[in-house]
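S.K.: Have a peek at target33.txt (compact mmCIF, C-alpha atoms and all ligand atoms).
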# COMPACT_ATOMS: atom_id res chain seq x y z
CA MET A 1 27.04 -66.66 1.49
CA ARG A 2 23.33 -66.17 1.14
CA ARG A 3 22.23 -62.63 0.61
CA SER A 4 19.14 -61.14 2.18
CA GLY A 5 16.45 -59.72 -0.05
CA SER A 6 17.39 -56.17 0.80
CA GLN A 7 21.07 -56.77 0.00
CA ARG A 8 20.10 -58.23 -3.34
CA ALA A 9 17.84 -55.25 -4.00
CA ALA A 10 20.70 -52.89 -3.10
CA LEU A 11 23.08 -54.69 -5.48
CA ALA A 12 20.48 -54.53 -8.22
CA ALA A 13 20.09 -50.79 -7.59
CA VAL A 14 23.86 -50.27 -7.86
CA ALA A 15 23.95 -52.30 -11.07
CA ALA A 16 21.09 -50.25 -12.47
CA ALA A 17 22.83 -47.00 -11.52
CA VAL A 18 26.07 -48.10 -13.18
CA PHE A 19 24.12 -49.08 -16.28
CA ALA A 20 22.27 -45.74 -16.28
CA ALA A 21 25.58 -43.86 -15.95
CA ALA A 22 26.99 -45.84 -18.86
CA ALA A 23 23.89 -45.19 -20.93
CA ALA A 24 24.13 -41.48 -20.10
CA GLY A 25 27.59 -41.34 -21.61
CA CYS A 26 29.74 -42.53 -18.73
CA GLY A 27 31.54 -39.71 -17.03
CA THR A 28 30.48 -36.88 -19.33
CA ASP A 29 29.53 -34.16 -16.90
CA GLU A 30 26.41 -32.84 -18.58
CA PRO A 31 24.36 -31.28 -15.79
CA ASP A 32 20.90 -32.70 -15.20
CA LEU A 33 18.56 -29.71 -15.28
CA VAL A 34 15.52 -31.70 -14.13
CA ALA A 35 17.39 -32.87 -11.02
CA GLY A 36 18.73 -29.34 -10.59
CA LYS A 37 15.25 -27.86 -10.61
CA GLU A 38 13.88 -30.42 -8.16
CA LEU A 39 16.78 -29.77 -5.79
CA PHE A 40 16.37 -26.01 -6.16
CA VAL A 41 12.69 -26.15 -5.17
CA GLU A 42 13.51 -28.51 -2.30
CA ARG A 43 16.57 -26.79 -0.82
CA CYS A 44 16.73 -23.22 -2.09
CA GLY A 45 13.23 -22.04 -2.96
CA SER A 46 12.15 -21.39 0.62
CA CYS A 47 14.66 -18.51 0.67
CA HIS A 48 14.80 -17.45 -2.99
CA THR A 49 12.30 -16.32 -5.58
CA LEU A 50 12.91 -17.85 -9.01
CA ALA A 51 9.90 -17.47 -11.29
CA ARG A 52 10.46 -20.49 -13.51
CA ALA A 53 10.91 -22.78 -10.51
CA GLY A 54 7.69 -21.36 -9.04
CA THR A 55 9.45 -20.43 -5.79
CA SER A 56 8.77 -17.27 -3.87
CA GLY A 57 11.12 -17.22 -0.86
CA VAL A 58 12.04 -13.80 0.49
CA VAL A 59 14.89 -14.49 2.95
CA GLY A 60 17.59 -14.23 0.23
CA PRO A 61 17.79 -12.12 -2.94
CA ASP A 62 15.29 -12.65 -5.77
CA LEU A 63 17.43 -14.58 -8.27
CA ASP A 64 15.53 -13.29 -11.30
CA GLU A 65 16.43 -9.77 -10.17
CA ALA A 66 19.97 -10.82 -9.31
CA PHE A 67 20.76 -12.27 -12.76
CA GLY A 68 18.15 -10.68 -15.07
CA PRO A 69 19.96 -7.39 -15.80
CA ALA A 70 23.27 -9.13 -16.60
CA ARG A 71 21.45 -11.64 -18.83
CA ARG A 72 19.77 -8.80 -20.71
CA GLN A 73 23.21 -7.23 -21.20
CA GLY A 74 24.28 -10.44 -22.88
CA LEU A 75 26.39 -12.03 -20.14
CA GLY A 76 26.68 -15.79 -20.67
CA GLU A 77 25.12 -18.58 -18.63
CA GLY A 78 28.57 -19.89 -17.76
CA THR A 79 29.08 -16.81 -15.61
CA PHE A 80 25.80 -17.27 -13.72
CA GLU A 81 26.60 -20.93 -13.24
CA GLY A 82 30.01 -20.06 -11.78
CA VAL A 83 28.57 -17.38 -9.49
CA THR A 84 25.87 -19.75 -8.21
CA ARG A 85 28.29 -22.66 -7.73
CA ASP A 86 30.60 -20.34 -5.80
CA GLN A 87 27.76 -18.91 -3.70
CA ILE A 88 26.66 -22.44 -2.71
CA ALA A 89 30.17 -23.24 -1.46
CA ASN A 90 31.04 -19.80 -0.08
CA PRO A 91 28.00 -17.86 1.14
CA LEU A 92 28.54 -14.84 3.37
CA ARG A 93 30.12 -15.92 6.60
CA ASN A 94 27.60 -15.42 9.43
CA GLY A 95 24.93 -14.84 6.78
CA GLN A 96 21.65 -16.67 6.55
CA MET A 97 22.56 -19.01 3.70
CA PRO A 98 24.23 -22.18 4.99
CA ALA A 99 27.27 -23.40 3.02
CA ASP A 100 27.15 -26.60 0.95
CA ILE A 101 23.38 -27.18 1.06
CA VAL A 102 24.08 -29.27 -2.02
CA THR A 103 27.49 -30.61 -3.03
CA GLY A 104 29.29 -32.30 -5.91
CA SER A 105 27.24 -33.03 -9.01
CA ASP A 106 24.05 -32.00 -7.17
CA ALA A 107 25.52 -28.51 -6.78
CA ASP A 108 26.50 -28.52 -10.46
CA ASP A 109 22.94 -29.47 -11.44
CA VAL A 110 21.41 -26.73 -9.27
CA ALA A 111 23.85 -24.10 -10.54
CA ALA A 112 23.21 -25.12 -14.15
CA TYR A 113 19.45 -24.87 -13.66
CA VAL A 114 19.64 -21.46 -11.97
CA ALA A 115 21.97 -20.24 -14.75
CA ALA A 116 19.62 -21.56 -17.43
CA VAL A 117 16.48 -19.84 -16.14
CA ALA A 118 17.16 -16.90 -13.78
CA GLY A 119 15.85 -13.65 -15.20
CA LYS A 120 14.56 -15.39 -18.32
CA PRO A 121 10.93 -14.66 -19.25
CA GLY A 122 8.51 -17.46 -20.12
CA GLU A 123 8.01 -20.90 -18.60
CA ASP A 124 9.98 -24.11 -18.40
CA GLU A 125 9.11 -26.59 -21.14
CA GLY A 126 9.25 -30.32 -21.79
CA ARG A 127 10.43 -32.56 -18.97
CA LEU A 128 11.47 -29.50 -16.98
CA ALA A 129 7.92 -28.13 -16.86
CA ALA A 130 6.56 -30.59 -14.30
CA ALA A 131 9.74 -31.03 -12.22
CA GLY A 132 9.52 -29.92 -8.61
CA VAL A 133 6.16 -28.22 -9.01
CA ALA A 134 4.02 -28.08 -5.87
CA GLU A 135 0.51 -29.43 -6.21
CA VAL A 136 -1.62 -26.73 -4.67
CA SER A 137 -5.36 -26.93 -4.90
CA ASN A 138 -7.94 -24.19 -4.65
CA GLU A 139 -10.52 -26.77 -3.63
CA PRO A 140 -11.28 -26.20 0.04
CA ILE A 141 -10.24 -28.94 2.47
CA ALA A 142 -13.19 -29.68 4.75
CA ALA A 143 -12.87 -30.57 8.42
CA SER A 144 -14.48 -33.78 9.52
CA GLY A 145 -15.06 -35.16 13.01
CA GLY A 146 -13.54 -32.04 14.57
CA GLN A 147 -10.26 -32.47 12.66
CA LEU A 148 -8.84 -30.53 9.76
CA GLU A 149 -5.69 -31.68 7.93
CA ILE A 150 -3.82 -29.11 5.85
CA ASP A 151 -0.44 -30.61 4.94
CA ALA A 152 2.66 -28.70 3.85
CA SER A 153 3.77 -29.24 0.26
CA PRO A 154 6.22 -32.18 0.29
CA THR A 155 8.36 -30.56 -2.45
CA GLY A 156 9.85 -27.89 -0.22
CA ALA A 157 7.87 -25.19 -2.03
CA LEU A 158 6.25 -22.63 0.28
CA ALA A 159 2.69 -23.89 0.02
CA PHE A 160 0.04 -25.83 1.87
CA ALA A 161 -1.93 -28.54 0.06
CA SER A 162 -4.74 -26.05 -0.49
CA THR A 163 -5.25 -22.32 -0.13
CA ARG A 164 -8.72 -22.81 1.34
CA ALA A 165 -10.34 -24.80 4.13
CA THR A 166 -13.72 -24.99 5.83
CA ALA A 167 -14.93 -26.10 9.26
CA SER A 168 -17.99 -25.91 11.50
CA PRO A 169 -17.96 -23.67 14.59
CA GLY A 170 -16.69 -25.19 17.84
CA PRO A 171 -13.56 -27.01 18.95
CA LEU A 172 -11.27 -27.93 16.08
CA GLU A 173 -7.94 -29.74 15.86
CA ILE A 174 -5.80 -28.64 12.93
CA LEU A 175 -3.00 -30.94 11.75
CA SER A 176 -0.30 -30.25 9.18
CA ALA A 177 2.02 -33.10 8.18
CA ASN A 178 5.44 -31.99 6.97
CA GLU A 179 7.17 -34.36 4.53
CA SER A 180 9.28 -31.55 3.06
CA PRO A 181 13.00 -31.11 3.72
CA ILE A 182 12.50 -27.82 5.60
CA ASP A 183 10.85 -26.83 8.90
CA HIS A 184 7.21 -25.74 8.94
CA ASN A 185 4.27 -25.27 11.26
CA ILE A 186 0.64 -24.30 11.01
CA ALA A 187 -1.00 -21.40 12.81
CA ILE A 188 -4.36 -19.67 12.77
CA ARG A 189 -4.62 -15.91 12.77
CA ASP A 190 -7.73 -14.18 13.99
CA GLY A 191 -7.10 -10.43 14.01
CA ASP A 192 -4.35 -9.93 16.60
CA ARG A 193 -4.72 -13.44 18.02
CA LEU A 194 -2.28 -16.08 16.77
CA ILE A 195 -2.72 -19.74 17.68
CA GLU A 196 0.45 -21.59 16.72
CA GLY A 197 1.34 -25.24 16.30
CA ASP A 198 4.93 -26.33 16.99
CA VAL A 199 7.49 -25.96 14.20
CA VAL A 200 8.38 -29.48 13.01
CA GLY A 201 11.03 -30.94 10.69
CA THR A 202 10.74 -33.64 8.05
CA GLY A 203 8.29 -36.37 9.07
CA GLY A 204 6.69 -34.31 11.84
CA THR A 205 3.13 -33.06 12.19
CA SER A 206 2.36 -29.59 13.51
CA SER A 207 -0.95 -29.36 15.33
CA LEU A 208 -3.09 -26.91 17.25
CA THR A 209 -6.50 -26.81 18.82
CA ALA A 210 -8.84 -23.86 18.75
CA ASP A 211 -12.44 -23.09 19.59
CA LEU A 212 -13.61 -21.11 16.59
CA SER A 213 -16.74 -19.04 16.17
CA PRO A 214 -18.16 -18.38 12.70
CA GLY A 215 -15.95 -16.13 10.60
CA THR A 216 -12.92 -16.06 8.32
CA TYR A 217 -9.43 -16.85 9.58
CA GLU A 218 -6.02 -17.05 7.99
CA PHE A 219 -3.92 -20.19 8.25
CA VAL A 220 -0.19 -19.61 7.86
CA CYS A 221 3.27 -21.04 8.51
CA THR A 222 5.04 -18.75 10.99
CA VAL A 223 8.61 -19.80 10.10
CA PRO A 224 10.20 -16.46 9.02
CA GLY A 225 9.67 -15.78 5.31
CA HIS A 226 7.25 -18.66 4.73
CA GLU A 227 3.96 -16.78 4.90
CA GLU A 228 5.38 -14.00 2.70
CA GLY A 229 6.55 -16.71 0.30
CA GLY A 230 3.05 -18.12 -0.09
CA MET A 231 2.40 -20.45 2.85
CA LYS A 232 -1.01 -19.13 3.71
CA GLY A 233 -4.67 -19.71 3.09
CA GLU A 234 -8.17 -18.89 4.25
CA LEU A 235 -10.21 -20.91 6.72
CA THR A 236 -13.93 -20.30 6.65
CA VAL A 237 -15.89 -21.33 9.76
CA ARG A 238 -19.66 -21.51 9.27
C1 LIG B 1 18.15 -20.07 4.61
C2 LIG B 1 17.98 -19.27 3.41
C3 LIG B 1 18.75 -19.60 2.15
C4 LIG B 1 18.80 -20.81 1.49
C5 LIG B 1 18.17 -22.13 1.92
C6 LIG B 1 19.55 -20.57 0.29
N1 LIG B 1 19.94 -19.27 0.22
FE1 LIG B 1 20.97 -18.38 -1.31
N2 LIG B 1 21.09 -16.66 -0.25
C7 LIG B 1 20.53 -16.43 0.99
C8 LIG B 1 20.94 -15.11 1.45
C9 LIG B 1 20.52 -14.48 2.78
C10 LIG B 1 21.79 -14.56 0.46
C11 LIG B 1 22.53 -13.21 0.53
C12 LIG B 1 24.03 -13.36 0.49
C13 LIG B 1 24.61 -14.32 1.53
O1 LIG B 1 24.10 -14.42 2.66
O2 LIG B 1 25.60 -15.02 1.19
C14 LIG B 1 21.85 -15.57 -0.61
C15 LIG B 1 22.53 -15.38 -1.81
C16 LIG B 1 22.47 -16.24 -2.87
C17 LIG B 1 22.99 -15.96 -4.20
C18 LIG B 1 23.67 -14.68 -4.63
C19 LIG B 1 22.63 -13.73 -5.19
C20 LIG B 1 23.18 -12.40 -5.56
O3 LIG B 1 22.44 -11.40 -5.48
O4 LIG B 1 24.37 -12.32 -5.90
C21 LIG B 1 22.75 -17.06 -4.97
C22 LIG B 1 23.11 -17.25 -6.44
C23 LIG B 1 22.09 -18.03 -4.13
N3 LIG B 1 21.93 -17.50 -2.88
C24 LIG B 1 21.72 -19.29 -4.55
C25 LIG B 1 21.19 -20.26 -3.68
C26 LIG B 1 21.01 -21.65 -4.06
C27 LIG B 1 21.31 -22.23 -5.43
C28 LIG B 1 20.51 -22.29 -2.96
C29 LIG B 1 20.20 -23.76 -2.78
C30 LIG B 1 21.28 -24.68 -2.98
C31 LIG B 1 20.36 -21.29 -1.90
N4 LIG B 1 20.79 -20.09 -2.39
C32 LIG B 1 19.81 -21.55 -0.65
C33 LIG B 1 19.68 -17.29 1.66
C34 LIG B 1 19.48 -18.63 1.35
Rewrite the structure of this file - the entire thing - as structure tokens.

M.R.:
Amino acid sequence: MRRSGSQRAALAAVAAAVFAAAAAGCGTDEPDLVAGKELFVERCGSCHTLARAGTSGVVGPDLDEAFGPARRQGLGEGTFEGVTRDQIANPLRNGQMPADIVTGSDADDVAAYVAAVAGKPGEDEGRLAAAGVAEVSNEPIAASGGQLEIDASPTGALAFASTRATASPGPLEILSANESPIDHNIAIRDGDRLIEGDVVGTGGTSSLTADLSPGTYEFVCTVPGHEEGGMKGELTVR
């Protein structure tokens, strides 16, 4: 049987994965903290603050506050890992945290990362330092041709691509592509007036049109907890 290119590529990927597993010690269950951090930012950070992961969600408890006191009293990381693993599988029934957001070894990796860093001062180092970090610029994004594009961070962190934007007065279309795993939108706030784009999931683009006179406006994501978590910036029209 002849195999298509994509089948061959898939087989090669499986072979590479098997080889990587063997190289990693075949079956030893050492958690992967880098993967755990990336998954945490992607799936958990929109609801939880965890300083070392750079997340600032406010829907669930601040995990530095949740684990910090026990860590300072000398409680071991194994305990935090167990609590986190259990919380992922068994959150409050009818609560806001969905069960099994991550499963299997992904859940082990996330729990190990949370246990390793929650309530610990300082910053992540080495390979962990760059993992999952949102690239947020303070360079203003300028509108051109009546369009302004302010994308959501693709990592799942609560951030837009920049905290600042500029446009000329007049009609303006604002677009915000969402490649992250969670829902987002973009909205403009002008005093009491809120002009909102639709909330969109992964792969969608939220958009709005507004006729703006010179002044300063806020752009935000209106999904609950996202603006408070850092999804906001300033649009200057002049
Ligand atoms: C949609 C929001 C949401 C997401 C996403 C979420 N959580 Fe939660 N989390 C909550 C809420 C709300 C609570 C409060 C208790 C409950 O509802 O079970 C909580 C509680 C917790 C606790 C217990 C904290 C304490 O004070 O004891 C831990 C640990 C935790 N979450 C870890 C995670 C991890 C790890 C992820 C990602 C795999 C995650 N959460 C994703 C909302 C969320």

S.K.: As an mmCIF file with C-alpha atoms, in the frame of the given file, please: every protein or nucleic acid residue near ligand LIG 1 (chain B) (cut-off 7 Å, counting only C-alpha atoms and all ligand atoms).

M.R.:
data_model
loop_
_atom_site.group_PDB
_atom_site.id
_atom_site.type_symbol
_atom_site.label_atom_id
_atom_site.label_comp_id
_atom_site.auth_asym_id
_atom_site.auth_seq_id
_atom_site.Cartn_x
_atom_site.Cartn_y
_atom_site.Cartn_z
ATOM 1 C CA PHE A 40 16.370 -26.010 -6.160
ATOM 2 C CA ARG A 43 16.570 -26.790 -0.820
ATOM 3 C CA CYS A 44 16.730 -23.220 -2.090
ATOM 4 C CA GLY A 45 13.230 -22.040 -2.960
ATOM 5 C CA SER A 46 12.150 -21.390 0.620
ATOM 6 C CA CYS A 47 14.660 -18.510 0.670
ATOM 7 C CA HIS A 48 14.800 -17.450 -2.990
ATOM 8 C CA VAL A 59 14.890 -14.490 2.950
ATOM 9 C CA GLY A 60 17.590 -14.230 0.230
ATOM 10 C CA PRO A 61 17.790 -12.120 -2.940
ATOM 11 C CA LEU A 63 17.430 -14.580 -8.270
ATOM 12 C CA ALA A 66 19.970 -10.820 -9.310
ATOM 13 C CA VAL A 83 28.570 -17.380 -9.490
ATOM 14 C CA THR A 84 25.870 -19.750 -8.210
ATOM 15 C CA GLN A 87 27.760 -18.910 -3.700
ATOM 16 C CA ILE A 88 26.660 -22.440 -2.710
ATOM 17 C CA PRO A 91 28.000 -17.860 1.140
ATOM 18 C CA LEU A 92 28.540 -14.840 3.370
ATOM 19 C CA GLY A 95 24.930 -14.840 6.780
ATOM 20 C CA GLN A 96 21.650 -16.670 6.550
ATOM 21 C CA MET A 97 22.560 -19.010 3.700
ATOM 22 C CA PRO A 98 24.230 -22.180 4.990
ATOM 23 C CA ILE A 101 23.380 -27.180 1.060
ATOM 24 C CA VAL A 102 24.080 -29.270 -2.020
ATOM 25 C CA ALA A 107 25.520 -28.510 -6.780
ATOM 26 C CA VAL A 110 21.410 -26.730 -9.270
ATOM 27 C CA ALA A 111 23.850 -24.100 -10.540
ATOM 28 C CA VAL A 114 19.640 -21.460 -11.970
#

S.K.: Using all atoms listed in the file, which residue out of A:Gly119, A:Glu125, A:Asp106, A:Ala112 lies closest to Asp62 of chain A?

M.R.: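 Comparing A:Gly119, A:Glu125, A:Asp106, A:Ala112 against Asp62 of chain A, the winner is A:Gly119.
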
S.K.: Separation of atom CA of Pro31 of chain A and atom CA of Asp109 of chain A, in Å?

M.R.: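 Computed distance, atom CA of Pro31 of chain A to atom CA of Asp109 of chain A, equals 4.9 Å.
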
S.K.: How many Å separate atom CA of Phe160 of chain A from atom CA of Gly233 of chain A?

M.R.: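 One can read the atom CA of Phe160 of chain A to atom CA of Gly233 of chain A distance as 7.8 Å.
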
S.K.: Tell me which residues come within 9 Å of (24.0, -30.6, -17.5), as an NGL selection string, counting only C-alpha atoms in the file's coordinates.

M.R.: :A and (29-33 or 36 or 108-109 or 112-113)

S.K.: If I take atom CA of His184 of chain A and atom CA of Glu149 of chain A, how far is one from the other in Å, to one decimal?

M.R.: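 Value for the atom CA of His184 of chain A-atom CA of Glu149 of chain A distance: 14.2 Å.
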
S.K.: May I ask which of the residues A:Ile174, A:Pro214, A:Asn94, A:Lys232 is the closest one to Ser153 of chain A, counting only C-alpha atoms?

M.R.: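 Result for the nearest residue to Ser153 of chain A: A:Lys232.
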
S.K.: Which residue out of A:Leu194, A:Leu158, A:Ile188, A:Val117 has the minimum interatomic distance to Val58 of chain A when all atoms listed in the file are used?

M.R.: A:Leu158

S.K.: If we count only C-alpha atoms, what is near Val199 of chain A at a cut-off of 10 Å, once residues fewer than 3 positions away on the same chain are taken out, given as a ChimeraX atom specification?

M.R.: /A:178,183-187,196,204-207,221-223

S.K.: Can you list, as a PyMOL selection string, every protein, DNA or RNA residue that comes within 7 Å of Gln147 of chain A when you count all atoms listed in the file, leaving out same-chain residues fewer than 3 positions away?

M.R.: chain A and resi 143-144+172-174

S.K.: Contacts of Asp192 of chain A at 12 Å or less, counting only C-alpha atoms, minus same-chain residues fewer than 3 places along, as a ChimeraX atom specification?

M.R.: /A:188-189,195,217-218

S.K.: Using only C-alpha atoms, can you tell me which of A:Glu42, A:Glu123, A:Glu234, A:Asp198 comes closest to Thr166 of chain A?

M.R.: A:Glu234

S.K.: Do you know which residues are at most 10 Å from segment 132-137 of chain A counting all atoms listed in the file, after dropping those on the same chain fewer than 3 positions away, and could you put them as a ChimeraX atom specification?

M.R.: /A:34-42,52-55,128-129,140-141,152-164

S.K.: Nearest to Asp124 of chain A among A:Ser105, A:Leu50, A:Arg85, A:Ala167, with distances taken over all atoms listed in the file: which residue is it?

M.R.: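 Comparing A:Ser105, A:Leu50, A:Arg85, A:Ala167 against Asp124 of chain A, the winner is A:Leu50.
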
S.K.: Compare A:Pro171, A:Gly126, A:Pro224, A:Gly229 by their minimum atom-to-atom distance to Thr209 of chain A, counting all atoms listed in the file, and give me the closest one.

M.R.: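 Of A:Pro171, A:Gly126, A:Pro224, A:Gly229, the one nearest Thr209 of chain A is A:Pro171, counting all atoms listed in the file.
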